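Below is final.pdb, which holds PDB, C-alpha atoms, pLDDT in the B column.
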ATOM      1  CA  MET A 212      15.818   9.384  -4.567  1.00 34.00           C
ATOM      2  CA  ASP A 213      13.086  10.935  -2.398  1.00 41.00           C
ATOM      3  CA  GLN A 214      12.805   8.197   0.211  1.00 46.00           C
ATOM      4  CA  PRO A 215      15.459   5.836   1.528  1.00 44.00           C
ATOM      5  CA  ASP A 216      15.175   2.177   0.661  1.00 46.00           C
ATOM      6  CA  ARG A 217      13.172   0.295   3.270  1.00 51.00           C
ATOM      7  CA  ALA A 218      13.894  -3.194   4.414  1.00 54.00           C
ATOM      8  CA  HIS A 219      11.837  -5.211   6.863  1.00 60.00           C
ATOM      9  CA  MET A 220       9.517  -2.366   7.781  1.00 80.00           C
ATOM     10  CA  VAL A 221       6.069  -3.036   9.201  1.00 90.00           C
ATOM     11  CA  GLU A 222       3.289  -1.102   7.524  1.00 92.00           C
ATOM     12  CA  ILE A 223      -0.034  -0.938   9.349  1.00 94.00           C
ATOM     13  CA  GLU A 224      -2.886   0.280   7.201  1.00 96.00           C
ATOM     14  CA  LEU A 225      -6.586   0.417   6.621  1.00 96.00           C
ATOM     15  CA  LYS A 226      -8.763   1.614   3.789  1.00 97.00           C
ATOM     16  CA  ALA A 227     -12.327   2.810   3.449  1.00 98.00           C
ATOM     17  CA  ARG A 228     -14.605   3.355   0.506  1.00 98.00           C
ATOM     18  CA  ILE A 229     -15.501   6.989  -0.024  1.00 98.00           C
ATOM     19  CA  ALA A 230     -18.106   8.739  -2.169  1.00 95.00           C
ATOM     20  CA  ASP A 231     -16.996  12.389  -2.036  1.00 96.00           C
ATOM     21  CA  ARG A 232     -13.298  12.912  -2.774  1.00 97.00           C
ATOM     22  CA  LYS A 233     -13.415  16.705  -2.261  1.00 97.00           C
ATOM     23  CA  ALA A 234     -15.094  16.432   1.153  1.00 97.00           C
ATOM     24  CA  VAL A 235     -12.519  13.892   2.386  1.00 98.00           C
ATOM     25  CA  GLU A 236      -9.610  15.962   1.053  1.00 98.00           C
ATOM     26  CA  ALA A 237     -11.037  19.065   2.756  1.00 98.00           C
ATOM     27  CA  GLN A 238     -11.138  17.201   6.071  1.00 98.00           C
ATOM     28  CA  LEU A 239      -7.584  15.896   5.596  1.00 98.00           C
ATOM     29  CA  ALA A 240      -6.410  19.448   4.843  1.00 98.00           C
ATOM     30  CA  SER A 241      -7.622  20.517   8.302  1.00 97.00           C
ATOM     31  CA  PHE A 242      -5.089  18.285  10.099  1.00 97.00           C
ATOM     32  CA  MET A 243      -2.589  16.963   7.529  1.00 98.00           C
ATOM     33  CA  ARG A 244      -0.210  18.491   4.997  1.00 98.00           C
ATOM     34  CA  PHE A 245      -0.866  18.006   1.275  1.00 98.00           C
ATOM     35  CA  ALA A 246       2.177  16.127  -0.068  1.00 98.00           C
ATOM     36  CA  GLY A 247       1.254  16.023  -3.752  1.00 97.00           C
ATOM     37  CA  ASP A 248      -0.515  14.081  -6.431  1.00 97.00           C
ATOM     38  CA  ILE A 249       0.199  10.378  -6.919  1.00 97.00           C
ATOM     39  CA  ASP A 250       0.079   8.037  -9.884  1.00 97.00           C
ATOM     40  CA  LYS A 251       1.143   4.497  -8.973  1.00 97.00           C
ATOM     41  CA  ARG A 252       1.203   1.818 -11.664  1.00 97.00           C
ATOM     42  CA  ASP A 253       1.620  -1.557 -10.008  1.00 97.00           C
ATOM     43  CA  GLU A 254       2.444  -4.837 -11.716  1.00 97.00           C
ATOM     44  CA  TYR A 255       2.297  -8.042  -9.699  1.00 96.00           C
ATOM     45  CA  TRP A 256       4.569 -10.906 -10.676  1.00 96.00           C
ATOM     46  CA  GLU A 257       5.310 -14.318  -9.242  1.00 94.00           C
ATOM     47  CA  VAL A 258       8.134 -16.784  -9.435  1.00 92.00           C
ATOM     48  CA  SER A 259       7.436 -20.470  -8.941  1.00 85.00           C
ATOM     49  CA  GLY A 260       9.243 -21.948  -5.984  1.00 72.00           C
ATOM     50  CA  TRP A 261      12.080 -24.314  -6.592  1.00 68.00           C
ATOM     51  CA  ASN A 262      11.171 -26.097  -3.388  1.00 68.00           C
ATOM     52  CA  PRO A 263       8.386 -28.604  -4.139  1.00 67.00           C
ATOM     53  CA  LEU A 264       7.360 -28.450  -0.471  1.00 69.00           C
ATOM     54  CA  ALA A 265       6.784 -24.674  -0.623  1.00 65.00           C
ATOM     55  CA  PRO A 266       3.079 -23.838  -0.326  1.00 65.00           C
ATOM     56  CA  ALA A 267       2.970 -21.123  -3.017  1.00 69.00           C
ATOM     57  CA  ALA A 268       4.904 -19.072  -5.516  1.00 77.00           C
ATOM     58  CA  PHE A 269       6.825 -15.982  -4.443  1.00 87.00           C
ATOM     59  CA  ARG A 270       4.926 -12.818  -5.424  1.00 91.00           C
ATOM     60  CA  PHE A 271       6.346  -9.301  -5.729  1.00 96.00           C
ATOM     61  CA  ARG A 272       5.253  -5.877  -6.955  1.00 97.00           C
ATOM     62  CA  VAL A 273       6.917  -3.576  -9.473  1.00 97.00           C
ATOM     63  CA  ARG A 274       5.647  -0.039  -8.799  1.00 97.00           C
ATOM     64  CA  ALA A 275       6.291   2.616 -11.414  1.00 95.00           C
ATOM     65  CA  GLU A 276       5.831   6.212 -10.293  1.00 95.00           C
ATOM     66  CA  PRO A 277       6.801   9.315 -12.255  1.00 91.00           C
ATOM     67  CA  ALA A 278      10.159   9.676 -10.466  1.00 88.00           C
ATOM     68  CA  ARG A 279      11.100   6.085  -9.576  1.00 93.00           C
ATOM     69  CA  THR A 280      10.527   2.341  -9.788  1.00 95.00           C
ATOM     70  CA  THR A 281      10.276   0.317  -6.583  1.00 96.00           C
ATOM     71  CA  ILE A 282      10.207  -3.433  -5.973  1.00 97.00           C
ATOM     72  CA  THR A 283       8.283  -4.679  -2.931  1.00 95.00           C
ATOM     73  CA  PHE A 284       7.539  -8.058  -1.420  1.00 94.00           C
ATOM     74  CA  LYS A 285       5.373  -8.546   1.654  1.00 91.00           C
ATOM     75  CA  GLU A 286       4.180 -10.905   4.320  1.00 89.00           C
ATOM     76  CA  LYS A 287       0.552  -9.928   4.967  1.00 89.00           C
ATOM     77  CA  THR A 288      -1.545 -10.555   8.034  1.00 89.00           C
ATOM     78  CA  PHE A 289      -4.906  -9.119   9.023  1.00 91.00           C
ATOM     79  CA  ASP A 290      -6.410  -7.921  12.292  1.00 89.00           C
ATOM     80  CA  GLY A 291     -10.043  -7.133  11.523  1.00 88.00           C
ATOM     81  CA  ASP A 292     -10.082  -4.131   9.169  1.00 89.00           C
ATOM     82  CA  ILE A 293      -6.351  -3.557   9.682  1.00 92.00           C
ATOM     83  CA  GLU A 294      -3.773  -4.932   7.262  1.00 92.00           C
ATOM     84  CA  ILE A 295      -0.291  -5.552   8.649  1.00 92.00           C
ATOM     85  CA  ASN A 296       2.476  -5.875   6.080  1.00 90.00           C
ATOM     86  CA  ARG A 297       6.038  -6.846   6.841  1.00 90.00           C
ATOM     87  CA  GLU A 298       7.618  -5.285   3.790  1.00 90.00           C
ATOM     88  CA  SER A 299      10.941  -5.375   2.069  1.00 91.00           C
ATOM     89  CA  GLU A 300      11.378  -2.732  -0.575  1.00 92.00           C
ATOM     90  CA  PHE A 301      14.124  -1.390  -2.802  1.00 95.00           C
ATOM     91  CA  SER A 302      14.485   1.022  -5.711  1.00 96.00           C
ATOM     92  CA  VAL A 303      15.614   0.012  -9.176  1.00 95.00           C
ATOM     93  CA  ASP A 304      17.879   2.352 -11.135  1.00 93.00           C
ATOM     94  CA  ASN A 305      17.591   0.460 -14.408  1.00 94.00           C
ATOM     95  CA  GLU A 306      14.142  -1.014 -14.951  1.00 92.00           C
ATOM     96  CA  ALA A 307      15.091  -2.596 -18.306  1.00 94.00           C
ATOM     97  CA  VAL A 308      17.863  -4.635 -16.668  1.00 96.00           C
ATOM     98  CA  PHE A 309      15.560  -5.623 -13.801  1.00 96.00           C
ATOM     99  CA  ARG A 310      13.004  -6.884 -16.339  1.00 96.00           C
ATOM    100  CA  LYS A 311      15.727  -9.015 -17.960  1.00 96.00           C
ATOM    101  CA  PHE A 312      16.468 -10.372 -14.475  1.00 96.00           C
ATOM    102  CA  MET A 313      12.757 -11.211 -14.075  1.00 95.00           C
ATOM    103  CA  GLU A 314      12.886 -13.010 -17.433  1.00 95.00           C
ATOM    104  CA  LYS A 315      15.818 -15.122 -16.227  1.00 94.00           C
ATOM    105  CA  LEU A 316      13.808 -16.011 -13.127  1.00 91.00           C
ATOM    106  CA  GLU A 317      10.908 -16.981 -15.381  1.00 92.00           C
ATOM    107  CA  ALA A 318       8.661 -14.575 -13.501  1.00 95.00           C
ATOM    108  CA  ARG A 319       5.028 -14.772 -14.521  1.00 94.00           C
ATOM    109  CA  PHE A 320       2.834 -11.675 -14.802  1.00 96.00           C
ATOM    110  CA  VAL A 321      -0.229 -11.925 -12.522  1.00 95.00           C
ATOM    111  CA  TYR A 322      -2.121  -8.612 -12.748  1.00 96.00           C
ATOM    112  CA  THR A 323      -1.858  -4.844 -12.806  1.00 96.00           C
ATOM    113  CA  LYS A 324      -3.410  -2.095 -10.711  1.00 97.00           C
ATOM    114  CA  ARG A 325      -3.278   1.692 -10.946  1.00 97.00           C
ATOM    115  CA  LYS A 326      -3.909   4.185  -8.151  1.00 97.00           C
ATOM    116  CA  ILE A 327      -4.353   7.882  -8.958  1.00 98.00           C
ATOM    117  CA  GLY A 328      -4.996  10.483  -6.291  1.00 98.00           C
ATOM    118  CA  THR A 329      -3.494  12.677  -3.600  1.00 98.00           C
ATOM    119  CA  ARG A 330      -1.108  12.103  -0.699  1.00 98.00           C
ATOM    120  CA  TRP A 331      -1.349  13.686   2.748  1.00 98.00           C
ATOM    121  CA  GLU A 332       1.110  13.496   5.670  1.00 98.00           C
ATOM    122  CA  SER A 333       0.781  14.249   9.369  1.00 96.00           C
ATOM    123  CA  ALA A 334       3.450  15.585  11.705  1.00 93.00           C
ATOM    124  CA  GLU A 335       3.148  12.282  13.608  1.00 90.00           C
ATOM    125  CA  GLY A 336       4.200  10.200  10.582  1.00 92.00           C
ATOM    126  CA  LEU A 337       0.814   9.048   9.303  1.00 96.00           C
ATOM    127  CA  VAL A 338       0.226   8.944   5.564  1.00 97.00           C
ATOM    128  CA  ALA A 339      -3.197   9.200   3.947  1.00 98.00           C
ATOM    129  CA  GLU A 340      -3.945   8.737   0.277  1.00 98.00           C
ATOM    130  CA  VAL A 341      -7.216   9.491  -1.470  1.00 98.00           C
ATOM    131  CA  VAL A 342      -7.092   7.199  -4.488  1.00 98.00           C
ATOM    132  CA  GLU A 343      -9.158   5.943  -7.350  1.00 98.00           C
ATOM    133  CA  VAL A 344      -8.479   2.298  -8.156  1.00 97.00           C
ATOM    134  CA  GLU A 345     -10.039   1.248 -11.451  1.00 91.00           C
ATOM    135  CA  PRO A 346     -12.488  -0.444 -11.592  1.00 93.00           C
ATOM    136  CA  LEU A 347     -13.034  -0.557  -7.815  1.00 97.00           C
ATOM    137  CA  GLY A 348     -13.749   3.119  -7.084  1.00 97.00           C
ATOM    138  CA  LEU A 349     -12.570   5.703  -4.554  1.00 98.00           C
ATOM    139  CA  PHE A 350     -10.785   4.908  -1.302  1.00 98.00           C
ATOM    140  CA  LEU A 351      -9.081   6.618   1.588  1.00 98.00           C
ATOM    141  CA  GLU A 352      -6.001   4.642   2.634  1.00 98.00           C
ATOM    142  CA  VAL A 353      -4.310   5.472   5.926  1.00 98.00           C
ATOM    143  CA  GLU A 354      -1.013   3.936   7.043  1.00 96.00           C
ATOM    144  CA  CYS A 355       1.793   4.193   9.521  1.00 94.00           C
ATOM    145  CA  VAL A 356       5.181   2.518   9.340  1.00 89.00           C
ATOM    146  CA  CYS A 357       6.925   0.955  12.337  1.00 83.00           C
ATOM    147  CA  GLU A 358      10.353  -0.605  12.640  1.00 76.00           C
ATOM    148  CA  GLN A 359       9.197  -3.069  15.298  1.00 75.00           C
ATOM    149  CA  LEU A 360       5.751  -4.336  16.083  1.00 78.00           C
ATOM    150  CA  ASP A 361       4.502  -5.462  19.466  1.00 82.00           C
ATOM    151  CA  SER A 362       0.954  -5.469  20.826  1.00 85.00           C
ATOM    152  CA  GLU A 363       1.315  -1.987  22.355  1.00 88.00           C
ATOM    153  CA  ALA A 364       2.600  -0.478  19.082  1.00 86.00           C
ATOM    154  CA  LEU A 365      -0.168  -2.213  17.119  1.00 88.00           C
ATOM    155  CA  ASP A 366      -2.882  -0.910  19.476  1.00 90.00           C
ATOM    156  CA  GLU A 367      -1.483   2.622  19.245  1.00 91.00           C
ATOM    157  CA  ALA A 368      -1.292   2.441  15.442  1.00 92.00           C
ATOM    158  CA  LYS A 369      -4.870   1.166  15.178  1.00 93.00           C
ATOM    159  CA  CYS A 370      -6.146   4.056  17.316  1.00 94.00           C
ATOM    160  CA  ARG A 371      -4.284   6.583  15.149  1.00 95.00           C
ATOM    161  CA  LEU A 372      -5.615   5.073  11.912  1.00 96.00           C
ATOM    162  CA  TYR A 373      -9.215   4.943  13.133  1.00 97.00           C
ATOM    163  CA  GLU A 374      -8.896   8.556  14.338  1.00 97.00           C
ATOM    164  CA  VAL A 375      -8.108   9.711  10.778  1.00 97.00           C
ATOM    165  CA  ILE A 376     -11.137   7.846   9.411  1.00 97.00           C
ATOM    166  CA  ASP A 377     -13.345   9.346  12.131  1.00 97.00           C
ATOM    167  CA  ARG A 378     -12.019  12.894  11.585  1.00 97.00           C
ATOM    168  CA  CYS A 379     -12.838  12.545   7.881  1.00 97.00           C
ATOM    169  CA  GLY A 380     -16.429  11.655   8.778  1.00 97.00           C
ATOM    170  CA  ILE A 381     -16.257   8.206   7.190  1.00 97.00           C
ATOM    171  CA  PRO A 382     -18.563   5.649   8.824  1.00 97.00           C
ATOM    172  CA  ARG A 383     -16.776   2.521  10.044  1.00 95.00           C
ATOM    173  CA  VAL A 384     -19.140   0.430   7.922  1.00 96.00           C
ATOM    174  CA  ASN A 385     -17.234   1.818   4.879  1.00 97.00           C
ATOM    175  CA  LEU A 386     -13.993   0.139   5.984  1.00 97.00           C
ATOM    176  CA  GLU A 387     -12.788  -2.388   3.426  1.00 96.00           C
ATOM    177  CA  PRO A 388     -10.891  -5.303   5.005  1.00 93.00           C
ATOM    178  CA  ARG A 389     -10.069  -7.103   1.742  1.00 94.00           C
ATOM    179  CA  PRO A 390      -6.807  -6.393  -0.084  1.00 93.00           C
ATOM    180  CA  TYR A 391      -7.145  -4.939  -3.589  1.00 94.00           C
ATOM    181  CA  SER A 392      -5.813  -8.200  -5.057  1.00 92.00           C
ATOM    182  CA  GLN A 393      -8.785 -10.088  -3.621  1.00 93.00           C
ATOM    183  CA  MET A 394     -11.228  -7.395  -4.711  1.00 95.00           C
ATOM    184  CA  LEU A 395      -9.818  -7.642  -8.246  1.00 93.00           C
ATOM    185  CA  GLY A 396     -10.090 -11.439  -8.235  1.00 91.00           C
ATOM    186  CA  TYR A 397      -6.410 -12.345  -7.808  1.00 89.00           C
TER     187      TYR A 397
END

Do you think you could lay out the structure here as structure tokens?
Amino acid sequence: MDQPDRAHMVEIELKARIADRKAVEAQLASFMRFAGDIDKRDEYWEVSGWNPLAPAAFRFRVRAEPARTTITFKEKTFDGDIEINRESEFSVDNEAVFRKFMEKLEARFVYTKRKIGTRWESAEGLVAEVVEVEPLGLFLEVECVCEQLDSEALDEAKCRLYEVIDRCGIPRVNLEPRPYSQMLGY
């Protein structure tokens, strides 16, 4: 397993639409390390709540990558262009058994999304991905992960994320505040 399981991490991220993949990757190469190609196949599922007073169903993601399968559920909030996710995530060793578990829970398939592109990492812990999301187009996603989040940490993270966008020469008007689910109509 390449990365340890993460529980209750806070992921702070933003994304911007891009037109020229090669130009953005060239800029990233000037201050980040190329960490490889990515191919993320995401399925979103939901389980109806047993509590009739609950406002909505519980939604989770099954992410299949070439070397692993990861389950993630999130609590999302937004601060302008910035998305703040309180995530819980774990790896699955046996996807077939997990799918049987989902069947027992009567999980309902919602939608799928695929991201293909490249991953870049900074010495300071930032991650950037240049991805194509069909049918939405090309994006630069930039994120940092924190264990705790207070206003000072959030302000620092926002500055670091905007700095990457600026260094790549992407105008702020290209920032996309909507999550992919909303852009895809889910």

Which residues fall under the PyMOL selection byres ((chain A and resi 226) around 6) in this file, as a PDB file with C-alpha atoms, in the coordinates of the input?
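Writing the result to selection-v1.pdb gives the following:
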ATOM      1  CA  LEU A 225      -6.586   0.417   6.621  1.00 96.00           C
ATOM      2  CA  ALA A 227     -12.327   2.810   3.449  1.00 98.00           C
ATOM      3  CA  LEU A 351      -9.081   6.618   1.588  1.00 98.00           C
ATOM      4  CA  GLU A 352      -6.001   4.642   2.634  1.00 98.00           C
ATOM      5  CA  LEU A 386     -13.993   0.139   5.984  1.00 97.00           C
ATOM      6  CA  GLU A 387     -12.788  -2.388   3.426  1.00 96.00           C
TER       7      GLU A 387
END

Exercise for the section: I need the residue set behind the PyMOL selection byres ((chain A and resi 249) around 8) for this file; please write it as a list in words. Expected result: Gly247, Asp248, Asp250, Lys251, Glu276, Lys326, Ile327, Gly328, Thr329 and Arg330 of chain A

Give the centre and edge lengths of an axis-aligned box, in Å to one decimal, that holds all listed atoms of segment 268-283 of chain A with 4 Å on each side, as lines of an AutoDock Vina configuration file.
center_x = 8.0
center_y = -4.7
center_z = -7.6
size_x = 14.2
size_y = 36.7
size_z = 17.3

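Distances from A:Phe350, A:Glu300, A:Ile223, A:Lys315 to Ala368 of chain A were compared using all atoms listed in the file, and the smallest one belongs to A:Ile223.
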
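Residue nearest Ile295 of chain A, chosen from A:Val375, A:Val221, A:Pro382, A:Gly396 and counting only C-alpha atoms: A:Val221.
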
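Checking A:Ala268, A:Met220, A:Met313, A:Val321 one by one against Leu360 of chain A, counting all atoms listed in the file, you find the shortest gap at A:Met220.
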
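Candidate residues A:Val308, A:Arg228, A:Ile293, A:Glu222 were compared for distance to Asn385 of chain A, and the nearest is A:Arg228, using all atoms listed in the file.
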
Practice task
Identify all residues satisfying the PyMOL selection byres ((chain A and resi 278) around 12) in the given file; provide them as a PyMOL selection string.
Solution key: chain A and resi 212-214+249-252+274-277+279-281+302-304

Keeping only C-alpha atoms, write the selected residues to a file as a compact mmCIF listing (two decimals), keeping the file's coordinate frame.
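The resulting file, out_17.txt, is shown below:
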# COMPACT_ATOMS: atom_id res chain seq x y z
CA MET A 212 15.82 9.38 -4.57
CA ASP A 213 13.09 10.94 -2.40
CA GLN A 214 12.80 8.20 0.21
CA ILE A 249 0.20 10.38 -6.92
CA ASP A 250 0.08 8.04 -9.88
CA LYS A 251 1.14 4.50 -8.97
CA ARG A 252 1.20 1.82 -11.66
CA ARG A 274 5.65 -0.04 -8.80
CA ALA A 275 6.29 2.62 -11.41
CA GLU A 276 5.83 6.21 -10.29
CA PRO A 277 6.80 9.32 -12.26
CA ARG A 279 11.10 6.08 -9.58
CA THR A 280 10.53 2.34 -9.79
CA THR A 281 10.28 0.32 -6.58
CA SER A 302 14.48 1.02 -5.71
CA VAL A 303 15.61 0.01 -9.18
CA ASP A 304 17.88 2.35 -11.14

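Candidate residues A:Ser299, A:Thr283, A:Ser392, A:Ser362 were compared for distance to Val344 of chain A, and the nearest is A:Ser392, using only C-alpha atoms.
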
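Take atom CA of Lys285 of chain A and atom CA of Phe269 of chain A: the distance between them is 9.7 Å.
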
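Atom pair atom CA of Val342 of chain A / atom CA of Arg232 of chain A: separated by 8.6 Å.
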